[in-house]
Amino acid sequence: MQLAPLICVHDVESSSRWYQRLLGCTSGHGGAEYERLDSGDRLILQLHRWDVDHDHGPLGDPNLRPYGNGVLLWFELQDYEDAVRRAADMRVEVTRPSRRSENGNFEFWLRDPDGYTVVLTSPLP
């Protein structure tokens, strides 16, 4: 089994570039309405434009905030320190600076351009 979260965003192409830069992942689909982001051969995140319903209807209400209330996009990265440096270069909104967690790995909490909470972590020891 593999989890493949999907989030709604206002600008799929811009969000795709943001996540690709932050996570070092690649586009697996591309487009203005929907995107699949891959790490190697694994799907890690899907992006969907708020106002596009395809054949399934609306996926959410863009007027309800905060987006992702109660959900964290949690990414365990082998290149954690590099990702934190990339985030600093990108001048992301940091909600919790890099620190060692109670589990012994490192965590860095930030917000994406749409306001979703993103957590970068190093692998567990």
# chains A, B, ... in the order shown; residues from 1 in each chain; ligands from 1
$ residues_around --residues "Leu43 of chain A" --least-positions-apart "4" --cutoff "10 Å" --atoms "only C-alpha atoms" --output "ChimeraX atom specification"
/A:2-5,25-28,36-39
$ residues_around --residues "Ser14 of chain A" --least-positions-apart "4" --cutoff "12 Å" --atoms "only C-alpha atoms" --output "MDAnalysis selection string"
chainID A and resid 9:10 18:21 27 30:35 47:49 112:114
$ select_by_dssp --residues "segment 19-103 of chain A" --states "strand (DSSP E or B)" --output "VMD selection string"
chain A and resid 26 to 27 34 to 39 42 to 49 72 to 76 93 to 100
$ write_last_selection --atoms "N, CA and C atoms" --output "PDB file, in the first residue's frame"
ATOM      1  N   THR A  26       9.935  15.284  -9.026  1.00  0.00           N
ATOM      2  CA  THR A  26       9.729  15.606 -10.440  1.00  0.00           C
ATOM      3  C   THR A  26       8.247  15.554 -10.797  1.00  0.00           C
ATOM      4  N   SER A  27       7.919  16.220 -11.887  1.00  0.00           N
ATOM      5  CA  SER A  27       6.566  16.203 -12.419  1.00  0.00           C
ATOM      6  C   SER A  27       6.305  14.858 -13.078  1.00  0.00           C
ATOM      7  N   TYR A  34      -4.212  19.603 -12.967  1.00  0.00           N
ATOM      8  CA  TYR A  34      -3.863  18.449 -12.141  1.00  0.00           C
ATOM      9  C   TYR A  34      -2.392  18.113 -12.351  1.00  0.00           C
ATOM     10  N   GLU A  35      -1.738  17.684 -11.282  1.00  0.00           N
ATOM     11  CA  GLU A  35      -0.320  17.311 -11.334  1.00  0.00           C
ATOM     12  C   GLU A  35      -0.075  16.132 -10.412  1.00  0.00           C
ATOM     13  N   ARG A  36       0.839  15.283 -10.829  1.00  0.00           N
ATOM     14  CA  ARG A  36       1.339  14.167 -10.007  1.00  0.00           C
ATOM     15  C   ARG A  36       2.817  14.422  -9.789  1.00  0.00           C
ATOM     16  N   LEU A  37       3.248  14.438  -8.536  1.00  0.00           N
ATOM     17  CA  LEU A  37       4.655  14.638  -8.221  1.00  0.00           C
ATOM     18  C   LEU A  37       5.258  13.318  -7.772  1.00  0.00           C
ATOM     19  N   ASP A  38       6.414  12.996  -8.336  1.00  0.00           N
ATOM     20  CA  ASP A  38       7.062  11.716  -8.107  1.00  0.00           C
ATOM     21  C   ASP A  38       8.437  11.890  -7.475  1.00  0.00           C
ATOM     22  N   SER A  39       8.793  10.921  -6.651  1.00  0.00           N
ATOM     23  CA  SER A  39      10.151  10.789  -6.142  1.00  0.00           C
ATOM     24  C   SER A  39      10.633   9.431  -6.641  1.00  0.00           C
ATOM     25  N   ARG A  42       7.965   6.619  -7.404  1.00  0.00           N
ATOM     26  CA  ARG A  42       6.849   6.635  -6.448  1.00  0.00           C
ATOM     27  C   ARG A  42       6.101   7.959  -6.493  1.00  0.00           C
ATOM     28  N   LEU A  43       4.789   7.868  -6.581  1.00  0.00           N
ATOM     29  CA  LEU A  43       3.927   9.037  -6.476  1.00  0.00           C
ATOM     30  C   LEU A  43       3.927   9.503  -5.020  1.00  0.00           C
ATOM     31  N   ILE A  44       4.233  10.794  -4.800  1.00  0.00           N
ATOM     32  CA  ILE A  44       4.268  11.290  -3.418  1.00  0.00           C
ATOM     33  C   ILE A  44       3.192  12.341  -3.124  1.00  0.00           C
ATOM     34  N   LEU A  45       2.713  13.050  -4.152  1.00  0.00           N
ATOM     35  CA  LEU A  45       1.737  14.109  -3.917  1.00  0.00           C
ATOM     36  C   LEU A  45       0.998  14.411  -5.214  1.00  0.00           C
ATOM     37  N   GLN A  46      -0.299  14.683  -5.073  1.00  0.00           N
ATOM     38  CA  GLN A  46      -1.102  15.117  -6.205  1.00  0.00           C
ATOM     39  C   GLN A  46      -1.617  16.524  -5.928  1.00  0.00           C
ATOM     40  N   LEU A  47      -1.646  17.343  -6.962  1.00  0.00           N
ATOM     41  CA  LEU A  47      -2.139  18.708  -6.861  1.00  0.00           C
ATOM     42  C   LEU A  47      -3.334  18.852  -7.795  1.00  0.00           C
ATOM     43  N   HIS A  48      -4.391  19.489  -7.317  1.00  0.00           N
ATOM     44  CA  HIS A  48      -5.616  19.632  -8.101  1.00  0.00           C
ATOM     45  C   HIS A  48      -6.110  21.059  -7.948  1.00  0.00           C
ATOM     46  N   ARG A  49      -6.478  21.700  -9.057  1.00  0.00           N
ATOM     47  CA  ARG A  49      -6.968  23.072  -8.976  1.00  0.00           C
ATOM     48  C   ARG A  49      -8.367  23.087  -8.356  1.00  0.00           C
ATOM     49  N   LEU A  72      -1.322  17.369   8.181  1.00  0.00           N
ATOM     50  CA  LEU A  72       0.048  17.790   7.906  1.00  0.00           C
ATOM     51  C   LEU A  72       0.574  16.976   6.742  1.00  0.00           C
ATOM     52  N   LEU A  73       1.216  17.630   5.794  1.00  0.00           N
ATOM     53  CA  LEU A  73       1.889  16.922   4.702  1.00  0.00           C
ATOM     54  C   LEU A  73       3.296  16.615   5.194  1.00  0.00           C
ATOM     55  N   TRP A  74       3.537  15.365   5.527  1.00  0.00           N
ATOM     56  CA  TRP A  74       4.732  14.916   6.236  1.00  0.00           C
ATOM     57  C   TRP A  74       5.636  14.200   5.246  1.00  0.00           C
ATOM     58  N   PHE A  75       6.841  14.707   5.037  1.00  0.00           N
ATOM     59  CA  PHE A  75       7.782  14.122   4.085  1.00  0.00           C
ATOM     60  C   PHE A  75       9.074  13.730   4.792  1.00  0.00           C
ATOM     61  N   GLU A  76       9.373  12.437   4.818  1.00  0.00           N
ATOM     62  CA  GLU A  76      10.648  11.955   5.342  1.00  0.00           C
ATOM     63  C   GLU A  76      11.644  11.966   4.190  1.00  0.00           C
ATOM     64  N   GLU A  93       7.665  30.316   4.595  1.00  0.00           N
ATOM     65  CA  GLU A  93       7.156  30.703   5.905  1.00  0.00           C
ATOM     66  C   GLU A  93       7.405  29.545   6.869  1.00  0.00           C
ATOM     67  N   VAL A  94       8.269  29.762   7.827  1.00  0.00           N
ATOM     68  CA  VAL A  94       8.633  28.734   8.797  1.00  0.00           C
ATOM     69  C   VAL A  94       7.695  28.828   9.995  1.00  0.00           C
ATOM     70  N   THR A  95       7.124  27.686  10.388  1.00  0.00           N
ATOM     71  CA  THR A  95       6.279  27.676  11.586  1.00  0.00           C
ATOM     72  C   THR A  95       6.996  27.047  12.777  1.00  0.00           C
ATOM     73  N   ARG A  96       7.960  26.162  12.519  1.00  0.00           N
ATOM     74  CA  ARG A  96       8.836  25.592  13.543  1.00  0.00           C
ATOM     75  C   ARG A  96      10.197  25.351  12.905  1.00  0.00           C
ATOM     76  N   PRO A  97      11.226  26.023  13.385  1.00  0.00           N
ATOM     77  CA  PRO A  97      12.549  25.824  12.792  1.00  0.00           C
ATOM     78  C   PRO A  97      13.053  24.394  13.017  1.00  0.00           C
ATOM     79  N   SER A  98      14.069  24.041  12.275  1.00  0.00           N
ATOM     80  CA  SER A  98      14.642  22.697  12.371  1.00  0.00           C
ATOM     81  C   SER A  98      15.078  22.408  13.801  1.00  0.00           C
ATOM     82  N   ARG A  99      14.646  21.243  14.290  1.00  0.00           N
ATOM     83  CA  ARG A  99      14.999  20.839  15.657  1.00  0.00           C
ATOM     84  C   ARG A  99      14.897  19.325  15.756  1.00  0.00           C
ATOM     85  N   ARG A 100      15.552  18.776  16.754  1.00  0.00           N
ATOM     86  CA  ARG A 100      15.478  17.339  17.005  1.00  0.00           C
ATOM     87  C   ARG A 100      14.132  17.043  17.670  1.00  0.00           C
TER      88      ARG A 100
END
$ atom_distance --atom1 "atom CA of Arg86 of chain A" --atom2 "atom CA of Asn105 of chain A"
18.9 Å
$ closest_residue --among "A:Met90, A:Leu23, A:Cys8, A:Val71" --to "Trp50 of chain A" --atoms "only C-alpha atoms"
A:Cys8
$ atom_distance --atom1 "atom CA of Leu22 of chain A" --atom2 "atom CA of Asn63 of chain A"
26.4 Å
$ select_by_dssp --residues "segment 3-113 of chain A" --states "helix (DSSP H, G or I)" --output "compact mmCIF listing (two decimals) with N, CA, C and O atoms, in the first residue's frame"
# COMPACT_ATOMS: atom_id res chain seq x y z
N VAL A 12 -1.83 25.22 -9.97
CA VAL A 12 -1.19 23.91 -9.99
C VAL A 12 0.25 24.00 -10.48
O VAL A 12 1.15 23.41 -9.88
N GLU A 13 0.48 24.73 -11.55
CA GLU A 13 1.83 24.78 -12.12
C GLU A 13 2.82 25.45 -11.18
O GLU A 13 3.95 24.98 -11.00
N SER A 14 2.41 26.54 -10.54
CA SER A 14 3.28 27.22 -9.59
C SER A 14 3.54 26.33 -8.36
O SER A 14 4.68 26.22 -7.89
N SER A 15 2.49 25.71 -7.84
CA SER A 15 2.67 24.81 -6.69
C SER A 15 3.56 23.64 -7.04
O SER A 15 4.38 23.20 -6.23
N SER A 16 3.42 23.13 -8.26
CA SER A 16 4.26 22.02 -8.70
C SER A 16 5.73 22.42 -8.68
O SER A 16 6.58 21.69 -8.16
N ARG A 17 6.03 23.59 -9.23
CA ARG A 17 7.42 24.06 -9.23
C ARG A 17 7.92 24.24 -7.80
O ARG A 17 9.07 23.90 -7.50
N TRP A 18 7.08 24.77 -6.90
CA TRP A 18 7.45 24.99 -5.50
C TRP A 18 7.81 23.67 -4.84
O TRP A 18 8.86 23.55 -4.21
N TYR A 19 6.94 22.67 -4.97
CA TYR A 19 7.20 21.37 -4.34
C TYR A 19 8.40 20.66 -4.99
O TYR A 19 9.19 20.02 -4.30
N GLN A 20 8.54 20.78 -6.30
CA GLN A 20 9.69 20.16 -6.96
C GLN A 20 10.99 20.75 -6.41
O GLN A 20 11.94 20.01 -6.14
N ARG A 21 11.02 22.06 -6.25
CA ARG A 21 12.23 22.70 -5.74
C ARG A 21 12.49 22.30 -4.29
O ARG A 21 13.62 21.95 -3.92
N LEU A 22 11.45 22.35 -3.46
CA LEU A 22 11.61 22.04 -2.04
C LEU A 22 12.02 20.59 -1.83
O LEU A 22 12.96 20.30 -1.08
N LEU A 23 11.31 19.67 -2.47
CA LEU A 23 11.48 18.24 -2.18
C LEU A 23 12.45 17.53 -3.12
O LEU A 23 12.80 16.37 -2.87
N TYR A 80 17.49 15.50 4.05
CA TYR A 80 16.82 16.46 4.92
C TYR A 80 17.56 17.80 5.02
O TYR A 80 16.96 18.86 4.83
N GLU A 81 18.85 17.77 5.30
CA GLU A 81 19.61 19.01 5.47
C GLU A 81 19.61 19.83 4.19
O GLU A 81 19.50 21.06 4.23
N ASP A 82 19.73 19.17 3.04
CA ASP A 82 19.67 19.88 1.76
C ASP A 82 18.29 20.51 1.56
O ASP A 82 18.18 21.63 1.07
N ALA A 83 17.23 19.78 1.94
CA ALA A 83 15.88 20.31 1.80
C ALA A 83 15.67 21.54 2.68
O ALA A 83 15.03 22.51 2.26
N VAL A 84 16.21 21.52 3.89
CA VAL A 84 16.10 22.68 4.78
C VAL A 84 16.83 23.88 4.16
O VAL A 84 16.33 25.00 4.19
N ARG A 85 17.99 23.63 3.55
CA ARG A 85 18.71 24.72 2.86
C ARG A 85 17.90 25.24 1.66
O ARG A 85 17.84 26.45 1.44
N ARG A 86 17.29 24.33 0.91
CA ARG A 86 16.47 24.76 -0.22
C ARG A 86 15.30 25.62 0.28
O ARG A 86 14.97 26.64 -0.32
N ALA A 87 14.69 25.20 1.39
CA ALA A 87 13.58 25.98 1.97
C ALA A 87 14.05 27.38 2.36
O ALA A 87 13.35 28.37 2.11
N ALA A 88 15.23 27.48 2.94
CA ALA A 88 15.77 28.80 3.32
C ALA A 88 16.00 29.65 2.07
O ALA A 88 15.66 30.84 2.06
N ASP A 89 16.55 29.05 1.01
CA ASP A 89 16.76 29.77 -0.25
C ASP A 89 15.44 30.26 -0.83
O ASP A 89 15.38 31.29 -1.49
N MET A 90 14.37 29.47 -0.62
CA MET A 90 13.05 29.81 -1.14
C MET A 90 12.31 30.81 -0.26
O MET A 90 11.25 31.30 -0.62
$ atom_distance --atom1 "atom CA of Gly68 of chain A" --atom2 "atom CA of His54 of chain A"
21.1 Å
$ decode --residues "segment 111-125 of chain A" --atoms "all heavy atoms" --output "PDB file, in the first residue's frame"
ATOM      1  N   ARG A 111       4.957  26.406   5.807  1.00  0.00           N
ATOM      2  CA  ARG A 111       3.692  26.524   5.070  1.00  0.00           C
ATOM      3  C   ARG A 111       4.002  26.605   3.574  1.00  0.00           C
ATOM      4  O   ARG A 111       4.960  27.247   3.159  1.00  0.00           O
ATOM      5  CB  ARG A 111       2.938  27.779   5.470  1.00  0.00           C
ATOM      6  CG  ARG A 111       2.492  27.753   6.898  1.00  0.00           C
ATOM      7  CD  ARG A 111       1.015  28.087   7.018  1.00  0.00           C
ATOM      8  NE  ARG A 111       0.665  28.201   8.423  1.00  0.00           N
ATOM      9  CZ  ARG A 111       0.128  27.226   9.127  1.00  0.00           C
ATOM     10  NH1 ARG A 111      -0.127  26.066   8.574  1.00  0.00           N
ATOM     11  NH2 ARG A 111      -0.163  27.405  10.399  1.00  0.00           N
ATOM     12  N   ASP A 112       3.138  25.949   2.798  1.00  0.00           N
ATOM     13  CA  ASP A 112       3.290  26.039   1.347  1.00  0.00           C
ATOM     14  C   ASP A 112       2.581  27.305   0.853  1.00  0.00           C
ATOM     15  O   ASP A 112       1.959  28.023   1.653  1.00  0.00           O
ATOM     16  CB  ASP A 112       2.802  24.745   0.667  1.00  0.00           C
ATOM     17  CG  ASP A 112       1.311  24.670   0.429  1.00  0.00           C
ATOM     18  OD1 ASP A 112       0.539  25.542   0.902  1.00  0.00           O
ATOM     19  OD2 ASP A 112       0.891  23.719  -0.254  1.00  0.00           O
ATOM     20  N   PRO A 113       2.647  27.623  -0.434  1.00  0.00           N
ATOM     21  CA  PRO A 113       2.046  28.872  -0.930  1.00  0.00           C
ATOM     22  C   PRO A 113       0.539  28.988  -0.698  1.00  0.00           C
ATOM     23  O   PRO A 113       0.007  30.097  -0.660  1.00  0.00           O
ATOM     24  CB  PRO A 113       2.369  28.848  -2.426  1.00  0.00           C
ATOM     25  CG  PRO A 113       3.603  28.013  -2.534  1.00  0.00           C
ATOM     26  CD  PRO A 113       3.452  26.965  -1.466  1.00  0.00           C
ATOM     27  N   ASP A 114      -0.165  27.861  -0.541  1.00  0.00           N
ATOM     28  CA  ASP A 114      -1.604  27.908  -0.295  1.00  0.00           C
ATOM     29  C   ASP A 114      -1.948  27.857   1.189  1.00  0.00           C
ATOM     30  O   ASP A 114      -3.122  27.902   1.551  1.00  0.00           O
ATOM     31  CB  ASP A 114      -2.297  26.756  -1.025  1.00  0.00           C
ATOM     32  CG  ASP A 114      -2.421  27.030  -2.512  1.00  0.00           C
ATOM     33  OD1 ASP A 114      -3.371  27.732  -2.901  1.00  0.00           O
ATOM     34  OD2 ASP A 114      -1.565  26.565  -3.284  1.00  0.00           O
ATOM     35  N   GLY A 115      -0.949  27.742   2.052  1.00  0.00           N
ATOM     36  CA  GLY A 115      -1.187  27.739   3.492  1.00  0.00           C
ATOM     37  C   GLY A 115      -1.239  26.368   4.134  1.00  0.00           C
ATOM     38  O   GLY A 115      -1.495  26.258   5.328  1.00  0.00           O
ATOM     39  N   TYR A 116      -0.995  25.297   3.366  1.00  0.00           N
ATOM     40  CA  TYR A 116      -0.940  23.956   3.959  1.00  0.00           C
ATOM     41  C   TYR A 116       0.318  23.825   4.814  1.00  0.00           C
ATOM     42  O   TYR A 116       1.373  24.360   4.474  1.00  0.00           O
ATOM     43  CB  TYR A 116      -0.896  22.883   2.872  1.00  0.00           C
ATOM     44  CG  TYR A 116      -2.173  22.740   2.082  1.00  0.00           C
ATOM     45  CD1 TYR A 116      -2.321  23.354   0.853  1.00  0.00           C
ATOM     46  CD2 TYR A 116      -3.227  21.976   2.571  1.00  0.00           C
ATOM     47  CE1 TYR A 116      -3.485  23.218   0.119  1.00  0.00           C
ATOM     48  CE2 TYR A 116      -4.402  21.834   1.844  1.00  0.00           C
ATOM     49  CZ  TYR A 116      -4.522  22.459   0.612  1.00  0.00           C
ATOM     50  OH  TYR A 116      -5.679  22.327  -0.104  1.00  0.00           O
ATOM     51  N   THR A 117       0.206  23.090   5.911  1.00  0.00           N
ATOM     52  CA  THR A 117       1.365  22.819   6.755  1.00  0.00           C
ATOM     53  C   THR A 117       2.151  21.660   6.162  1.00  0.00           C
ATOM     54  O   THR A 117       1.600  20.598   5.880  1.00  0.00           O
ATOM     55  CB  THR A 117       0.940  22.471   8.190  1.00  0.00           C
ATOM     56  OG1 THR A 117       0.211  23.581   8.732  1.00  0.00           O
ATOM     57  CG2 THR A 117       2.151  22.174   9.060  1.00  0.00           C
ATOM     58  N   VAL A 118       3.438  21.875   5.969  1.00  0.00           N
ATOM     59  CA  VAL A 118       4.353  20.875   5.432  1.00  0.00           C
ATOM     60  C   VAL A 118       5.412  20.615   6.495  1.00  0.00           C
ATOM     61  O   VAL A 118       5.952  21.549   7.077  1.00  0.00           O
ATOM     62  CB  VAL A 118       5.027  21.373   4.129  1.00  0.00           C
ATOM     63  CG1 VAL A 118       6.070  20.392   3.633  1.00  0.00           C
ATOM     64  CG2 VAL A 118       3.970  21.640   3.060  1.00  0.00           C
ATOM     65  N   VAL A 119       5.696  19.337   6.762  1.00  0.00           N
ATOM     66  CA  VAL A 119       6.731  18.976   7.717  1.00  0.00           C
ATOM     67  C   VAL A 119       7.782  18.160   6.976  1.00  0.00           C
ATOM     68  O   VAL A 119       7.455  17.150   6.352  1.00  0.00           O
ATOM     69  CB  VAL A 119       6.172  18.154   8.907  1.00  0.00           C
ATOM     70  CG1 VAL A 119       7.284  17.836   9.896  1.00  0.00           C
ATOM     71  CG2 VAL A 119       5.026  18.890   9.582  1.00  0.00           C
ATOM     72  N   LEU A 120       9.021  18.607   7.046  1.00  0.00           N
ATOM     73  CA  LEU A 120      10.148  17.853   6.507  1.00  0.00           C
ATOM     74  C   LEU A 120      10.815  17.140   7.675  1.00  0.00           C
ATOM     75  O   LEU A 120      11.010  17.750   8.728  1.00  0.00           O
ATOM     76  CB  LEU A 120      11.158  18.796   5.837  1.00  0.00           C
ATOM     77  CG  LEU A 120      10.614  19.742   4.773  1.00  0.00           C
ATOM     78  CD1 LEU A 120      11.748  20.605   4.234  1.00  0.00           C
ATOM     79  CD2 LEU A 120       9.893  18.993   3.667  1.00  0.00           C
ATOM     80  N   THR A 121      11.134  15.872   7.514  1.00  0.00           N
ATOM     81  CA  THR A 121      11.812  15.148   8.590  1.00  0.00           C
ATOM     82  C   THR A 121      12.988  14.367   8.026  1.00  0.00           C
ATOM     83  O   THR A 121      12.985  13.932   6.871  1.00  0.00           O
ATOM     84  CB  THR A 121      10.882  14.145   9.306  1.00  0.00           C
ATOM     85  OG1 THR A 121      10.617  13.036   8.459  1.00  0.00           O
ATOM     86  CG2 THR A 121       9.608  14.797   9.756  1.00  0.00           C
ATOM     87  N   SER A 122      13.974  14.199   8.893  1.00  0.00           N
ATOM     88  CA  SER A 122      15.064  13.279   8.567  1.00  0.00           C
ATOM     89  C   SER A 122      14.573  11.868   8.895  1.00  0.00           C
ATOM     90  O   SER A 122      13.610  11.696   9.642  1.00  0.00           O
ATOM     91  CB  SER A 122      16.309  13.633   9.382  1.00  0.00           C
ATOM     92  OG  SER A 122      16.059  13.438  10.765  1.00  0.00           O
ATOM     93  N   PRO A 123      15.235  10.849   8.344  1.00  0.00           N
ATOM     94  CA  PRO A 123      14.822   9.481   8.681  1.00  0.00           C
ATOM     95  C   PRO A 123      14.978   9.231  10.184  1.00  0.00           C
ATOM     96  O   PRO A 123      15.835   9.811  10.842  1.00  0.00           O
ATOM     97  CB  PRO A 123      15.802   8.609   7.878  1.00  0.00           C
ATOM     98  CG  PRO A 123      16.238   9.487   6.752  1.00  0.00           C
ATOM     99  CD  PRO A 123      16.283  10.875   7.333  1.00  0.00           C
ATOM    100  N   LEU A 124      14.141   8.344  10.700  1.00  0.00           N
ATOM    101  CA  LEU A 124      14.275   7.955  12.101  1.00  0.00           C
ATOM    102  C   LEU A 124      15.593   7.244  12.317  1.00  0.00           C
ATOM    103  O   LEU A 124      16.061   6.513  11.422  1.00  0.00           O
ATOM    104  CB  LEU A 124      13.120   7.033  12.504  1.00  0.00           C
ATOM    105  CG  LEU A 124      11.755   7.697  12.633  1.00  0.00           C
ATOM    106  CD1 LEU A 124      10.666   6.639  12.772  1.00  0.00           C
ATOM    107  CD2 LEU A 124      11.733   8.649  13.810  1.00  0.00           C
ATOM    108  N   PRO A 125      16.219   7.476  13.482  1.00  0.00           N
ATOM    109  CA  PRO A 125      17.517   6.823  13.742  1.00  0.00           C
ATOM    110  C   PRO A 125      17.367   5.314  13.878  1.00  0.00           C
ATOM    111  O   PRO A 125      16.351   4.782  14.133  1.00  0.00           O
ATOM    112  CB  PRO A 125      17.970   7.445  15.051  1.00  0.00           C
ATOM    113  CG  PRO A 125      16.857   8.266  15.568  1.00  0.00           C
ATOM    114  CD  PRO A 125      15.807   8.333  14.545  1.00  0.00           C
TER     115      PRO A 125
END
